[in-house]
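structure.txt (compact mmCIF, C-alpha atoms)
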```txt
# COMPACT_ATOMS: atom_id res chain seq x y z
CA MET A 5 2.41 6.28 -29.04
CA THR A 6 -0.79 4.41 -28.19
CA ALA A 7 -1.60 0.72 -28.08
CA PRO A 8 -4.30 -0.87 -30.20
CA VAL A 9 -7.32 -2.29 -28.41
CA ALA A 10 -8.02 -5.94 -29.26
CA ASP A 11 -11.49 -7.32 -29.92
CA GLY A 12 -13.02 -9.99 -27.67
CA PRO A 13 -12.49 -10.63 -23.93
CA TRP A 14 -9.95 -8.30 -22.37
CA TYR A 15 -7.78 -11.17 -21.14
CA ARG A 16 -7.40 -12.73 -24.60
CA GLY A 17 -3.79 -12.67 -25.71
CA ILE A 18 -2.27 -12.31 -22.23
CA THR A 19 0.75 -14.62 -22.13
CA ARG A 20 1.85 -17.03 -19.42
CA ASP A 21 4.87 -14.84 -18.64
CA GLN A 22 2.59 -11.82 -18.16
CA TRP A 23 0.32 -13.74 -15.78
CA ARG A 24 3.36 -14.95 -13.82
CA ALA A 25 4.72 -11.43 -13.47
CA LEU A 26 1.34 -10.26 -12.20
CA ALA A 27 1.07 -13.20 -9.78
CA ALA A 28 4.54 -12.50 -8.37
CA ALA A 29 3.81 -8.81 -7.81
CA LYS A 30 0.36 -9.48 -6.32
CA LEU A 31 1.56 -12.20 -3.94
CA GLY A 32 4.51 -10.05 -2.90
CA TRP A 33 2.22 -7.10 -2.19
CA MET A 34 -0.26 -9.31 -0.34
CA LEU A 35 2.43 -10.74 1.94
CA ASP A 36 3.97 -7.29 2.34
CA ALA A 37 0.62 -6.03 3.63
CA MET A 38 0.24 -9.00 5.94
CA ASP A 39 3.64 -8.49 7.56
CA PHE A 40 3.09 -4.76 8.04
CA LEU A 41 -0.44 -5.15 9.40
CA LEU A 42 0.43 -7.87 11.91
CA TYR A 43 1.73 -4.98 14.01
CA VAL A 44 -1.51 -3.04 13.57
CA MET A 45 -3.50 -6.05 14.76
CA ALA A 46 -1.25 -6.56 17.78
CA ILE A 47 -1.16 -2.91 18.95
CA GLY A 48 -3.40 -3.58 21.97
CA GLN A 49 -1.24 -6.43 23.26
CA LEU A 50 2.01 -4.60 22.45
CA LYS A 51 0.86 -1.50 24.36
CA ALA A 52 0.13 -3.64 27.41
CA TYR A 53 3.38 -5.65 27.16
CA PHE A 54 5.78 -2.74 26.58
CA GLY A 55 3.72 -0.08 28.39
CA PHE A 56 3.37 2.62 25.71
CA ASP A 57 0.46 4.89 24.71
CA ASP A 58 -1.37 5.71 21.47
CA GLY A 59 1.17 8.37 20.50
CA THR A 60 4.01 5.86 20.69
CA ALA A 61 1.94 3.22 18.90
CA GLY A 62 1.34 5.66 16.07
CA LEU A 63 5.01 6.66 16.07
CA LEU A 64 6.05 3.04 15.53
CA GLY A 65 3.77 2.93 12.50
CA THR A 66 5.13 6.25 11.27
CA VAL A 67 8.81 5.26 11.45
CA THR A 68 8.04 2.04 9.55
CA LEU A 69 6.34 4.03 6.82
CA ILE A 70 9.19 6.54 6.68
CA THR A 71 11.76 3.80 6.18
CA SER A 72 9.44 2.18 3.65
CA ALA A 73 9.65 5.44 1.71
CA VAL A 74 13.44 5.26 1.80
CA GLY A 75 13.32 1.59 0.81
CA GLY A 76 11.03 2.35 -2.10
CA ILE A 77 13.43 4.98 -3.43
CA ILE A 78 16.49 2.76 -2.97
CA PHE A 79 14.91 -0.28 -4.58
CA GLY A 80 13.58 1.81 -7.44
CA VAL A 81 17.24 2.49 -8.28
CA VAL A 82 18.12 -1.18 -7.71
CA ALA A 83 15.30 -2.29 -10.02
CA ASP A 84 16.53 0.03 -12.78
CA ARG A 85 20.09 -1.24 -12.48
CA ALA A 86 19.83 -4.91 -11.42
CA GLY A 87 16.39 -5.87 -12.72
CA ARG A 88 12.79 -5.84 -11.60
CA THR A 89 12.56 -9.46 -10.41
CA ARG A 90 15.86 -9.36 -8.50
CA ALA A 91 14.74 -6.27 -6.64
CA LEU A 92 11.37 -7.87 -5.92
CA MET A 93 12.97 -10.98 -4.41
CA ALA A 94 15.34 -8.93 -2.24
CA THR A 95 12.51 -6.85 -0.77
CA ILE A 96 10.41 -9.89 0.10
CA LEU A 97 13.35 -11.46 1.91
CA ILE A 98 13.95 -8.27 3.89
CA PHE A 99 10.44 -7.77 5.24
CA SER A 100 10.02 -11.51 5.95
CA VAL A 101 13.22 -11.87 7.96
CA CYS A 102 12.56 -8.64 9.86
CA SER A 103 9.11 -9.82 10.89
CA LEU A 104 10.78 -12.85 12.45
CA GLY A 105 13.33 -10.56 14.07
CA ALA A 106 10.55 -8.44 15.59
CA ALA A 107 9.25 -11.57 17.33
CA THR A 108 12.47 -11.67 19.40
CA SER A 109 12.15 -8.07 20.69
CA GLN A 110 12.84 -7.62 24.40
CA SER A 111 12.30 -3.85 24.53
CA LEU A 112 10.42 -1.10 22.73
CA TRP A 113 13.65 0.05 21.08
CA GLN A 114 14.39 -3.41 19.70
CA LEU A 115 10.85 -3.64 18.33
CA MET A 116 11.26 -0.23 16.71
CA ALA A 117 14.60 -1.24 15.18
CA TRP A 118 13.12 -4.34 13.55
CA ARG A 119 10.11 -2.38 12.29
CA VAL A 120 12.44 0.23 10.82
CA LEU A 121 14.31 -2.47 8.90
CA LEU A 122 11.06 -4.13 7.81
CA GLY A 123 10.01 -0.82 6.28
CA PHE A 124 12.88 -0.92 3.77
CA GLY A 125 11.56 -4.15 2.28
CA MET A 126 7.95 -3.04 2.46
CA GLY A 127 8.53 0.10 0.39
CA GLY A 128 10.85 -1.58 -2.06
CA GLU A 129 8.35 -4.34 -2.89
CA TRP A 130 5.81 -1.95 -4.40
CA ALA A 131 8.46 -0.03 -6.36
CA SER A 132 9.79 -3.19 -8.03
CA GLY A 133 6.50 -5.10 -8.37
CA ALA A 134 4.47 -2.27 -9.89
CA VAL A 135 7.04 -1.49 -12.56
CA LEU A 136 7.38 -5.21 -13.35
CA VAL A 137 3.65 -5.41 -14.11
CA SER A 138 3.51 -2.05 -15.90
CA GLU A 139 6.28 -3.02 -18.32
CA THR A 140 5.12 -6.59 -18.83
CA TRP A 141 1.42 -6.05 -19.56
CA PRO A 142 -0.09 -4.42 -22.68
CA ALA A 143 -0.95 -0.73 -22.40
CA ALA A 144 -4.67 -1.37 -23.01
CA HIS A 145 -4.89 -3.58 -19.90
CA ARG A 146 -2.20 -2.00 -17.73
CA THR A 147 -4.57 -0.28 -15.29
CA ARG A 148 -6.61 -3.47 -14.86
CA ALA A 149 -3.46 -5.48 -14.20
CA ILE A 150 -2.24 -2.95 -11.63
CA GLY A 151 -5.68 -3.11 -10.00
CA ILE A 152 -5.37 -6.87 -9.70
CA MET A 153 -1.89 -6.44 -8.21
CA GLN A 154 -3.04 -3.75 -5.75
CA SER A 155 -5.90 -5.95 -4.56
CA GLY A 156 -3.28 -8.16 -2.94
CA TRP A 157 -3.13 -5.57 -0.16
CA ALA A 158 -6.74 -6.33 0.82
CA LEU A 159 -6.00 -10.05 0.90
CA GLY A 160 -2.96 -9.38 3.10
CA TYR A 161 -5.08 -7.27 5.44
CA ILE A 162 -7.64 -10.09 5.70
CA ALA A 163 -4.88 -12.62 6.33
CA ALA A 164 -3.43 -10.44 9.11
CA ALA A 165 -6.88 -10.05 10.72
CA LEU A 166 -7.56 -13.80 10.61
CA LEU A 167 -4.13 -14.68 11.97
CA ALA A 168 -4.53 -12.14 14.78
CA ALA A 169 -7.96 -13.48 15.68
CA LEU A 170 -6.49 -16.99 15.80
CA VAL A 171 -3.14 -16.36 17.49
CA LEU A 172 -4.08 -13.48 19.80
CA GLY A 173 -7.67 -14.45 20.47
CA LYS A 174 -8.32 -18.17 20.14
CA MET A 175 -5.07 -19.93 21.02
CA ASN A 176 -4.65 -18.58 24.57
CA LEU A 177 -0.90 -18.09 24.21
CA GLY A 178 -0.71 -15.45 26.91
CA PRO A 179 0.70 -11.89 26.92
CA GLU A 180 3.50 -12.83 24.49
CA ALA A 181 1.23 -14.28 21.81
CA TRP A 182 2.30 -11.40 19.57
CA ARG A 183 5.71 -13.09 19.23
CA TRP A 184 4.11 -16.06 17.49
CA LEU A 185 2.13 -13.71 15.27
CA PHE A 186 5.27 -11.91 14.10
CA ALA A 187 7.14 -15.20 13.64
CA ILE A 188 4.54 -16.31 11.09
CA GLY A 189 5.59 -13.30 9.03
CA VAL A 190 8.78 -15.07 7.91
CA LEU A 191 6.84 -17.44 5.64
CA PRO A 192 6.64 -15.03 2.63
CA ALA A 193 10.37 -15.64 2.10
CA LEU A 194 9.42 -18.92 0.44
CA LEU A 195 7.81 -16.99 -2.44
CA THR A 196 11.23 -15.90 -3.68
CA LEU A 197 12.06 -19.49 -4.67
CA TRP A 198 9.19 -19.51 -7.18
CA ILE A 199 9.92 -16.00 -8.48
CA ARG A 200 13.56 -16.88 -9.13
CA LYS A 201 12.54 -19.92 -11.16
CA SER A 202 9.45 -18.67 -13.01
CA VAL A 203 9.37 -14.89 -13.51
CA LYS A 204 11.32 -13.18 -16.30
CA GLU A 205 12.56 -9.62 -16.57
CA PRO A 206 10.40 -7.36 -18.82
CA GLU A 207 11.62 -6.97 -22.40
CA ALA A 208 11.50 -3.19 -22.02
CA TRP A 209 14.14 -3.40 -19.27
CA VAL A 210 16.26 -6.01 -21.07
CA ARG A 211 16.34 -3.89 -24.26
CA ARG A 212 16.60 -0.50 -22.53
CA GLN A 213 18.57 2.09 -24.48
CA ALA A 214 18.98 5.44 -22.78
CA PRO A 215 22.71 6.22 -22.58
CA SER A 216 22.18 9.96 -22.00
CA ALA A 217 19.87 9.33 -19.05
CA GLU A 218 22.24 6.77 -17.59
CA ARG A 219 25.21 9.15 -17.89
CA ARG A 220 23.32 11.97 -16.20
CA GLY A 221 21.96 9.78 -13.42
CA ALA A 222 18.34 9.01 -12.59
CA PHE A 223 17.81 11.87 -10.15
CA ALA A 224 19.34 14.40 -12.53
CA VAL A 225 16.75 13.29 -15.09
CA LEU A 226 13.81 13.29 -12.66
CA PHE A 227 14.64 16.76 -11.34
CA GLY A 228 15.81 18.13 -14.68
CA PRO A 229 13.75 20.62 -16.69
CA GLU A 230 11.72 17.98 -18.57
CA TYR A 231 10.44 15.97 -15.57
CA ARG A 232 10.86 18.24 -12.53
CA VAL A 233 7.27 19.47 -12.28
CA LYS A 234 5.83 16.01 -12.96
CA THR A 235 8.04 14.54 -10.23
CA VAL A 236 6.96 17.12 -7.64
CA MET A 237 3.25 17.00 -8.51
CA ALA A 238 3.17 13.19 -8.51
CA THR A 239 4.86 13.20 -5.09
CA LEU A 240 2.29 15.63 -3.68
CA LEU A 241 -0.57 13.56 -5.06
CA SER A 242 0.91 10.40 -3.56
CA ALA A 243 1.47 12.13 -0.21
CA CYS A 244 -2.13 13.35 0.09
CA VAL A 245 -3.82 10.05 -0.64
CA GLN A 246 -1.38 8.05 1.48
CA PHE A 247 -1.83 10.37 4.46
CA ALA A 248 -5.58 9.85 4.09
CA ASN A 249 -5.27 6.09 3.69
CA TRP A 250 -2.72 5.43 6.43
CA GLY A 251 -4.47 7.77 8.84
CA LEU A 252 -7.75 5.94 8.35
CA PHE A 253 -6.84 2.28 7.98
CA PHE A 254 -3.87 2.15 10.34
CA TRP A 255 -6.21 3.09 13.18
CA LEU A 256 -9.32 1.23 12.00
CA PRO A 257 -8.61 -1.97 14.01
CA GLY A 258 -7.90 0.17 17.09
CA PHE A 259 -11.12 2.13 16.55
CA LEU A 260 -13.17 -1.06 16.39
CA ALA A 261 -11.51 -2.70 19.41
CA ARG A 262 -11.35 0.37 21.65
CA PRO A 263 -13.94 0.86 24.45
CA VAL A 264 -16.90 3.06 23.53
CA GLU A 265 -16.11 5.53 26.32
CA GLN A 266 -12.75 6.18 24.58
CA GLY A 267 -14.41 6.87 21.23
CA GLY A 268 -14.14 3.34 19.84
CA ALA A 269 -16.68 0.66 18.93
CA GLY A 270 -16.02 -1.55 21.98
CA MET A 271 -15.22 -4.82 20.20
CA SER A 272 -12.67 -7.50 21.09
CA ILE A 273 -9.83 -8.43 18.71
CA VAL A 274 -11.72 -11.54 17.62
CA ARG A 275 -15.01 -9.71 17.08
CA SER A 276 -13.43 -6.71 15.34
CA ALA A 277 -11.95 -9.07 12.72
CA GLY A 278 -15.54 -9.77 11.67
CA TRP A 279 -15.94 -6.05 10.86
CA ILE A 280 -12.49 -5.59 9.30
CA ILE A 281 -12.89 -8.43 6.79
CA PRO A 282 -15.97 -6.89 5.07
CA VAL A 283 -14.03 -3.63 4.74
CA GLN A 284 -11.22 -5.48 3.01
CA ILE A 285 -13.59 -7.44 0.79
CA GLY A 286 -14.90 -4.06 -0.32
CA ALA A 287 -11.31 -2.93 -0.87
CA TYR A 288 -10.58 -6.02 -2.96
CA LEU A 289 -13.55 -5.24 -5.19
CA GLY A 290 -12.57 -1.58 -5.33
CA TYR A 291 -9.05 -2.36 -6.49
CA ASN A 292 -10.18 -4.82 -9.15
CA SER A 293 -13.07 -2.75 -10.48
CA PHE A 294 -11.14 0.51 -10.81
CA GLY A 295 -9.70 -0.34 -14.21
CA PHE A 296 -13.05 -1.42 -15.61
CA ILE A 297 -14.83 1.68 -14.33
CA ALA A 298 -11.98 3.85 -15.62
CA ASP A 299 -12.42 2.34 -19.09
CA LYS A 300 -15.98 3.70 -19.05
CA LEU A 301 -15.59 7.02 -17.21
CA GLY A 302 -11.91 7.82 -17.70
CA ARG A 303 -9.13 7.39 -15.16
CA ARG A 304 -9.15 10.89 -13.67
CA ARG A 305 -12.93 11.02 -13.30
CA THR A 306 -12.96 7.59 -11.64
CA PHE A 307 -10.13 8.59 -9.30
CA VAL A 308 -12.01 11.74 -8.23
CA LEU A 309 -15.23 9.77 -7.72
CA TYR A 310 -13.50 7.32 -5.36
CA LEU A 311 -11.75 10.05 -3.34
CA VAL A 312 -14.72 12.37 -2.91
CA THR A 313 -16.94 9.48 -1.81
CA ALA A 314 -14.28 8.42 0.73
CA ALA A 315 -14.07 11.99 2.06
CA VAL A 316 -17.82 11.96 2.71
CA LEU A 317 -17.91 8.49 4.29
CA VAL A 318 -15.02 8.78 6.77
CA PRO A 319 -16.61 11.29 9.21
CA LEU A 320 -19.87 9.37 9.08
CA TYR A 321 -18.13 6.07 9.82
CA GLY A 322 -16.11 7.58 12.68
CA GLN A 323 -19.25 8.76 14.46
CA MET A 324 -21.01 5.38 14.31
CA ALA A 325 -19.07 3.76 17.19
CA ARG A 326 -22.30 2.87 19.01
CA SER A 327 -23.98 1.40 15.91
CA PRO A 328 -22.29 -1.91 14.94
CA GLY A 329 -24.94 -2.58 12.29
CA ILE A 330 -24.22 0.69 10.48
CA LEU A 331 -20.46 0.09 10.76
CA MET A 332 -20.94 -3.30 9.13
CA ALA A 333 -23.08 -1.81 6.34
CA LEU A 334 -20.72 1.09 5.61
CA GLY A 335 -17.54 -0.97 5.92
CA PRO A 336 -17.45 -2.56 2.44
CA LEU A 337 -18.22 0.76 0.73
CA LEU A 338 -15.54 2.52 2.78
CA GLY A 339 -13.04 -0.15 1.78
CA PHE A 340 -14.13 0.08 -1.87
CA VAL A 341 -13.53 3.82 -2.22
CA GLY A 342 -10.87 4.19 0.51
CA TYR A 343 -8.48 1.82 -1.23
CA GLY A 344 -9.56 1.30 -4.84
CA TYR A 345 -8.02 4.50 -6.23
CA PHE A 346 -4.53 3.06 -5.61
CA SER A 347 -5.08 0.97 -8.74
CA LEU A 348 -4.27 4.13 -10.70
CA PHE A 349 -0.77 4.61 -9.36
CA GLY A 350 1.24 1.70 -10.73
CA SER A 351 0.35 2.40 -14.35
CA PHE A 352 0.00 6.19 -14.05
CA LEU A 353 3.45 6.71 -12.50
CA ALA A 354 5.10 4.30 -14.93
CA GLU A 355 3.75 6.35 -17.84
CA LEU A 356 5.36 9.57 -16.57
CA PHE A 357 9.00 8.47 -16.93
CA PRO A 358 11.32 6.82 -19.52
CA THR A 359 12.42 3.18 -19.12
CA ALA A 360 15.98 3.90 -17.92
CA VAL A 361 14.68 5.78 -14.86
CA ARG A 362 11.13 4.42 -14.65
CA ALA A 363 11.47 2.33 -11.49
CA THR A 364 13.48 5.10 -9.84
CA GLY A 365 10.84 7.70 -10.75
CA GLN A 366 8.00 5.43 -9.72
CA GLY A 367 9.69 4.46 -6.48
CA LEU A 368 10.69 8.05 -5.68
CA THR A 369 7.32 9.73 -6.23
CA TYR A 370 5.20 7.01 -4.63
CA ASN A 371 7.49 6.42 -1.67
CA LEU A 372 8.48 10.01 -1.00
CA GLY A 373 4.73 10.56 -0.87
CA ARG A 374 4.51 7.61 1.50
CA GLY A 375 7.17 9.18 3.70
CA LEU A 376 5.13 12.38 3.97
CA GLY A 377 1.95 10.35 4.45
CA ALA A 378 3.74 8.44 7.21
CA LEU A 379 2.96 11.34 9.52
CA ALA A 380 -0.66 10.19 9.53
CA PRO A 381 -0.54 7.36 12.14
CA TYR A 382 1.22 9.59 14.64
CA THR A 383 -0.96 12.62 13.81
CA ILE A 384 -4.23 10.71 14.19
CA GLY A 385 -2.97 8.99 17.33
CA TYR A 386 -1.99 12.34 18.86
CA VAL A 387 -5.26 14.08 17.90
CA ALA A 388 -7.19 11.17 19.43
CA THR A 389 -5.56 11.87 22.80
CA LEU A 390 -6.79 15.48 22.90
CA PRO A 391 -9.65 16.28 25.29
CA ASN A 392 -13.14 15.46 23.96
CA VAL A 393 -11.85 14.14 20.62
CA GLY A 394 -11.37 10.35 20.62
CA ILE A 395 -10.24 8.13 17.79
CA GLY A 396 -13.52 8.22 15.85
CA SER A 397 -13.48 12.01 15.53
CA ALA A 398 -9.74 12.08 14.80
CA LEU A 399 -10.27 9.88 11.75
CA ALA A 400 -12.33 12.65 10.13
CA LEU A 401 -9.10 14.62 9.59
CA THR A 402 -8.29 12.30 6.69
CA SER A 403 -11.20 13.65 4.62
CA ALA A 404 -9.29 16.86 3.82
CA PHE A 405 -6.46 14.82 2.30
CA PHE A 406 -8.82 12.72 0.20
CA LEU A 407 -10.24 15.95 -1.24
CA ALA A 408 -6.76 17.40 -1.87
CA GLY A 409 -5.87 14.30 -3.89
CA ALA A 410 -9.02 14.72 -5.98
CA VAL A 411 -7.89 18.25 -6.87
CA LEU A 412 -4.25 17.37 -7.64
CA ILE A 413 -5.05 14.60 -10.13
CA MET A 414 -6.55 17.19 -12.47
CA TYR A 415 -3.05 18.51 -13.24
CA PHE A 416 -2.08 15.37 -15.15
CA GLU A 417 -3.07 14.50 -18.71
CA ASP A 418 -4.47 11.09 -19.67
CA THR A 419 -1.65 8.72 -20.72
CA SER A 420 -3.60 5.47 -20.27
CA ARG A 421 -2.81 4.20 -23.79
CA LYS A 422 0.90 5.01 -23.74
CA VAL A 423 3.16 2.13 -24.78
CA LEU A 424 6.09 1.59 -22.41
CA GLY A 425 8.90 0.81 -24.81
CA ALA A 426 12.64 0.68 -24.32
CA ALA A 427 13.14 4.42 -24.75
```
Show this structure as structure tokens.
Amino acid sequence: MTAPVADGPWYRGITRDQWRALAAAKLGWMLDAMDFLLYVMAIGQLKAYFGFDDGTAGLLGTVTLITSAVGGIIFGVVADRAGRTRALMATILIFSVCSLGAATSQSLWQLMAWRVLLGFGMGGEWASGAVLVSETWPAAHRTRAIGIMQSGWALGYIAAALLAALVLGKMNLGPEAWRWLFAIGVLPALLTLWIRKSVKEPEAWVRRQAPSAERRGAFAVLFGPEYRVKTVMATLLSACVQFANWGLFFWLPGFLARPVEQGGAGMSIVRSAGWIIPVQIGAYLGYNSFGFIADKLGRRRTFVLYLVTAAVLVPLYGQMARSPGILMALGPLLGFVGYGYFSLFGSFLAELFPTAVRATGQGLTYNLGRGLGALAPYTIGYVATLPNVGIGSALALTSAFFLAGAVLIMYFEDTSRKVLGAA
């Protein structure tokens, strides 16, 4: 089944409920990114306060991403059973409260425990928000809507950079300024009040009719003969691109702030924010333009174009530590291609599975891939500690995973016009 394409501006005919669903998912994803990335921005101060090295810093990021994978799978099931908006609200509350909890940490193990718990909410937010948008918006505009939703990550990254520059750099709060930074992360909890009042469940979920799938169980369907190969291939695709993305952008603030003699760009936290923000502006444009470019070139071709360009840019960027001007010039383009391809996933994964198990399938494949990709922060951090390597050279490892993703996408057929009904 395919959806008709309406004449006139693409946004004509989009209802208020559809815009609200998109706004809820985008704001949730933006605040999710902000809470996760507050840690990334505070790594330097946390290393000094708790006395750990790059390997441990990367490990903290990795365990958060692993639990986010578990959270995404769990809340995919919750979203299928309890509703998309209920799951979305629960995940936002989890990562908000856990950010506040992290601010109270008195030891490395307490910090790790709070970050582990935060990961459950972080992963679950995408699983519930992406399926909410995919089922609410018309098929002809689904990829564009998901791109708009995904662009919230760039805004969250910018917000985290600005907050870090203010709280850690400008306010002179001392060696425990990171506590105030994490405490700010509780504010996203307020968004749930608006979602509860204003955002409806998608009609496709309300009218779902799949008794055979429900009797068999979601995982029996996803790993049954009809969907098994799709489930595995989608997971591998997700794992490759998330390893590449997390390996690169988790360590980007550290690369910019690290002394030149250690392979970094030698900037302070405040100054590095001025280089991070252009990268994220590029990412914002990359997310939002993906759907429009895909309408012209096709989704797979556009996806490959983004990934191959990223694979070429990363080694070049990593070797420009002594050239701030070149880093500034390359930053927006790196953000554009290094993030924008994620606009494919929300719609693409939703189209692979039936309504009764859609959120579970989407949450499983994306977040199991995230769990495998979670090895990236630790891997890059460890490689950076090897003799004569440094963080800039270690980042080049991500290029291989960008290229692997470009190959794997060719397995899947184009389902961009598929209508997501109740079946």
For the atom pair CA of Ser397 in chain A and CA of Leu42 in chain A, what is the interatomic distance in Å to one decimal place?
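Calculated distance between CA of Ser397 in chain A and CA of Leu42 in chain A is 24.5 Å.
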Under the rule that only C-alpha atoms are counted, which of A:Phe253, A:Phe349, A:Phe186, A:Trp157 is the nearest residue to Gly335 in chain A?
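For Gly335 in chain A, the nearest of the candidates is A:Phe253.
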Neighbouring residues of Ile330 in chain A were defined as those with any atom within 12 Å, considering all atoms listed in the file; residues of the same chain fewer than 4 positions away were excluded. Please report them as a list in words.
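Once the nearby chain positions are removed, what remains is Ala269, Trp279, Leu317, Leu320, Tyr321, Gly322, Gln323, Met324, Ala325, Arg326, Leu334, Gly335, Pro336, Leu337 and Leu338 of chain A.
Closest to Leu104 in chain A among A:Gly189, A:Gly87, A:Gly59, A:Pro282 is A:Gly189, based on only C-alpha atoms.
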From the set A:Ala37, A:Ala277, A:Ala208, A:Leu401, which residue has the shortest atom-to-atom contact distance to Pro142 in chain A, counting only C-alpha atoms?
A:Ala208
Place a sphere of radius 8 Å on (10.0, -8.1, -16.6) in the file coordinates and name every protein, DNA or RNA residue with an atom inside or on its surface, counting all atoms listed in the file; give the answer as a list in words.
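Here the neighbourhood of the point contains Ala25, Gly87, Arg88, Thr89, Leu136, Val137, Glu139, Thr140, Val203, Lys204, Glu205, Pro206, Glu207, Ala208, Trp209 and Val210 of chain A.
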Take the residues that were just selected and, keeping C-alpha atoms, output them as a short mmCIF file (atom, residue, chain, number, x, y, z; two decimals), in the frame of the given file.
```cif
data_model
loop_
_atom_site.label_atom_id
_atom_site.label_comp_id
_atom_site.auth_asym_id
_atom_site.auth_seq_id
_atom_site.Cartn_x
_atom_site.Cartn_y
_atom_site.Cartn_z
CA ALA A 25 4.72 -11.43 -13.47
CA GLY A 87 16.39 -5.87 -12.72
CA ARG A 88 12.79 -5.84 -11.60
CA THR A 89 12.56 -9.46 -10.41
CA LEU A 136 7.38 -5.21 -13.35
CA VAL A 137 3.65 -5.41 -14.11
CA GLU A 139 6.28 -3.02 -18.32
CA THR A 140 5.12 -6.59 -18.83
CA VAL A 203 9.37 -14.89 -13.51
CA LYS A 204 11.32 -13.18 -16.30
CA GLU A 205 12.56 -9.62 -16.57
CA PRO A 206 10.40 -7.36 -18.82
CA GLU A 207 11.62 -6.97 -22.40
CA ALA A 208 11.50 -3.19 -22.02
CA TRP A 209 14.14 -3.40 -19.27
CA VAL A 210 16.26 -6.01 -21.07
#
```
Could you give me the centre and size, in Å to one decimal, of an axis-aligned box around all listed atoms of range 301-309 of chain A with 5 Å added on every side, as AutoDock Vina command-line options?
```
--center_x -12.4 --center_y 9.4 --center_z -12.7 --size_x 16.5 --size_y 14.7 --size_z 20.0
```
What does the distance from CA of Gln284 in chain A to CA of Gly339 in chain A come to in Å, to one decimal?
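We find that CA of Gln284 in chain A and CA of Gly339 in chain A lie 5.8 Å from each other.
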How many Å lie between CA of Phe40 in chain A and CA of Leu167 in chain A, rounded to one decimal?
12.9 Å
Compute the distance from (11.9, 4.9, 3.4) to each atom, counting all atoms listed in the file, keep the residues with any atom at most 9 Å away, and return them as a PyMOL selection string; use the coordinates of the file.
chain A and resi 67-78+120+123-124+126-128+371-372+374-375
Contacts of Ile188 in chain A within 9 Å, all atoms listed in the file, excl. fewer than 3 positions in-chain, as a count of residues only
10
Counting all atoms listed in the file, what is within 9 Å of Met93 in chain A, bar same-chain residues fewer than 4 positions away, as JSON, numbers by chain?
{"A": [32, 88, 89, 97, 98, 129, 193, 195, 196, 197, 199, 200]}
So which one's closest to Asp58 in chain A, A:Ile96, A:Ala388, A:Ala165, A:Ala187? Using all atoms listed in the file, please.
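Looking at the shortest contact to Asp58 in chain A, the residue is A:Ala388.
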Contact table range 248-363 of chain A vs range 414-420 of chain A, cut-off 10 Å, shortest pair per residue, only C-alpha atoms, as a tab-separated table:
```
residue	atom	partner	partner_atom	distance
A:Ala298	CA	A:Ser420	CA	9.7
A:Asp299	CA	A:Ser420	CA	9.4
A:Gly302	CA	A:Asp418	CA	8.4
A:Arg303	CA	A:Asp418	CA	7.5
A:Arg304	CA	A:Met414	CA	6.9
A:Arg305	CA	A:Met414	CA	8.9
A:Phe307	CA	A:Met414	CA	9.8
A:Val308	CA	A:Met414	CA	8.8
A:Leu348	CA	A:Ser420	CA	9.7
A:Ser351	CA	A:Ser420	CA	7.8
A:Phe352	CA	A:Ser420	CA	7.2
A:Leu353	CA	A:Thr419	CA	9.9
A:Ala354	CA	A:Thr419	CA	9.9
A:Glu355	CA	A:Thr419	CA	6.6
A:Leu356	CA	A:Thr419	CA	8.2
```
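Candidate residues A:Leu31, A:Asp57, A:Thr364, A:Pro381 were compared for distance to Phe227 in chain A, and the nearest is A:Thr364, using only C-alpha atoms.
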Residue among A:Gly228, A:Gly290, A:Pro319, A:Pro179 lying closest to Phe54 in chain A, counting all atoms listed in the file
A:Pro179
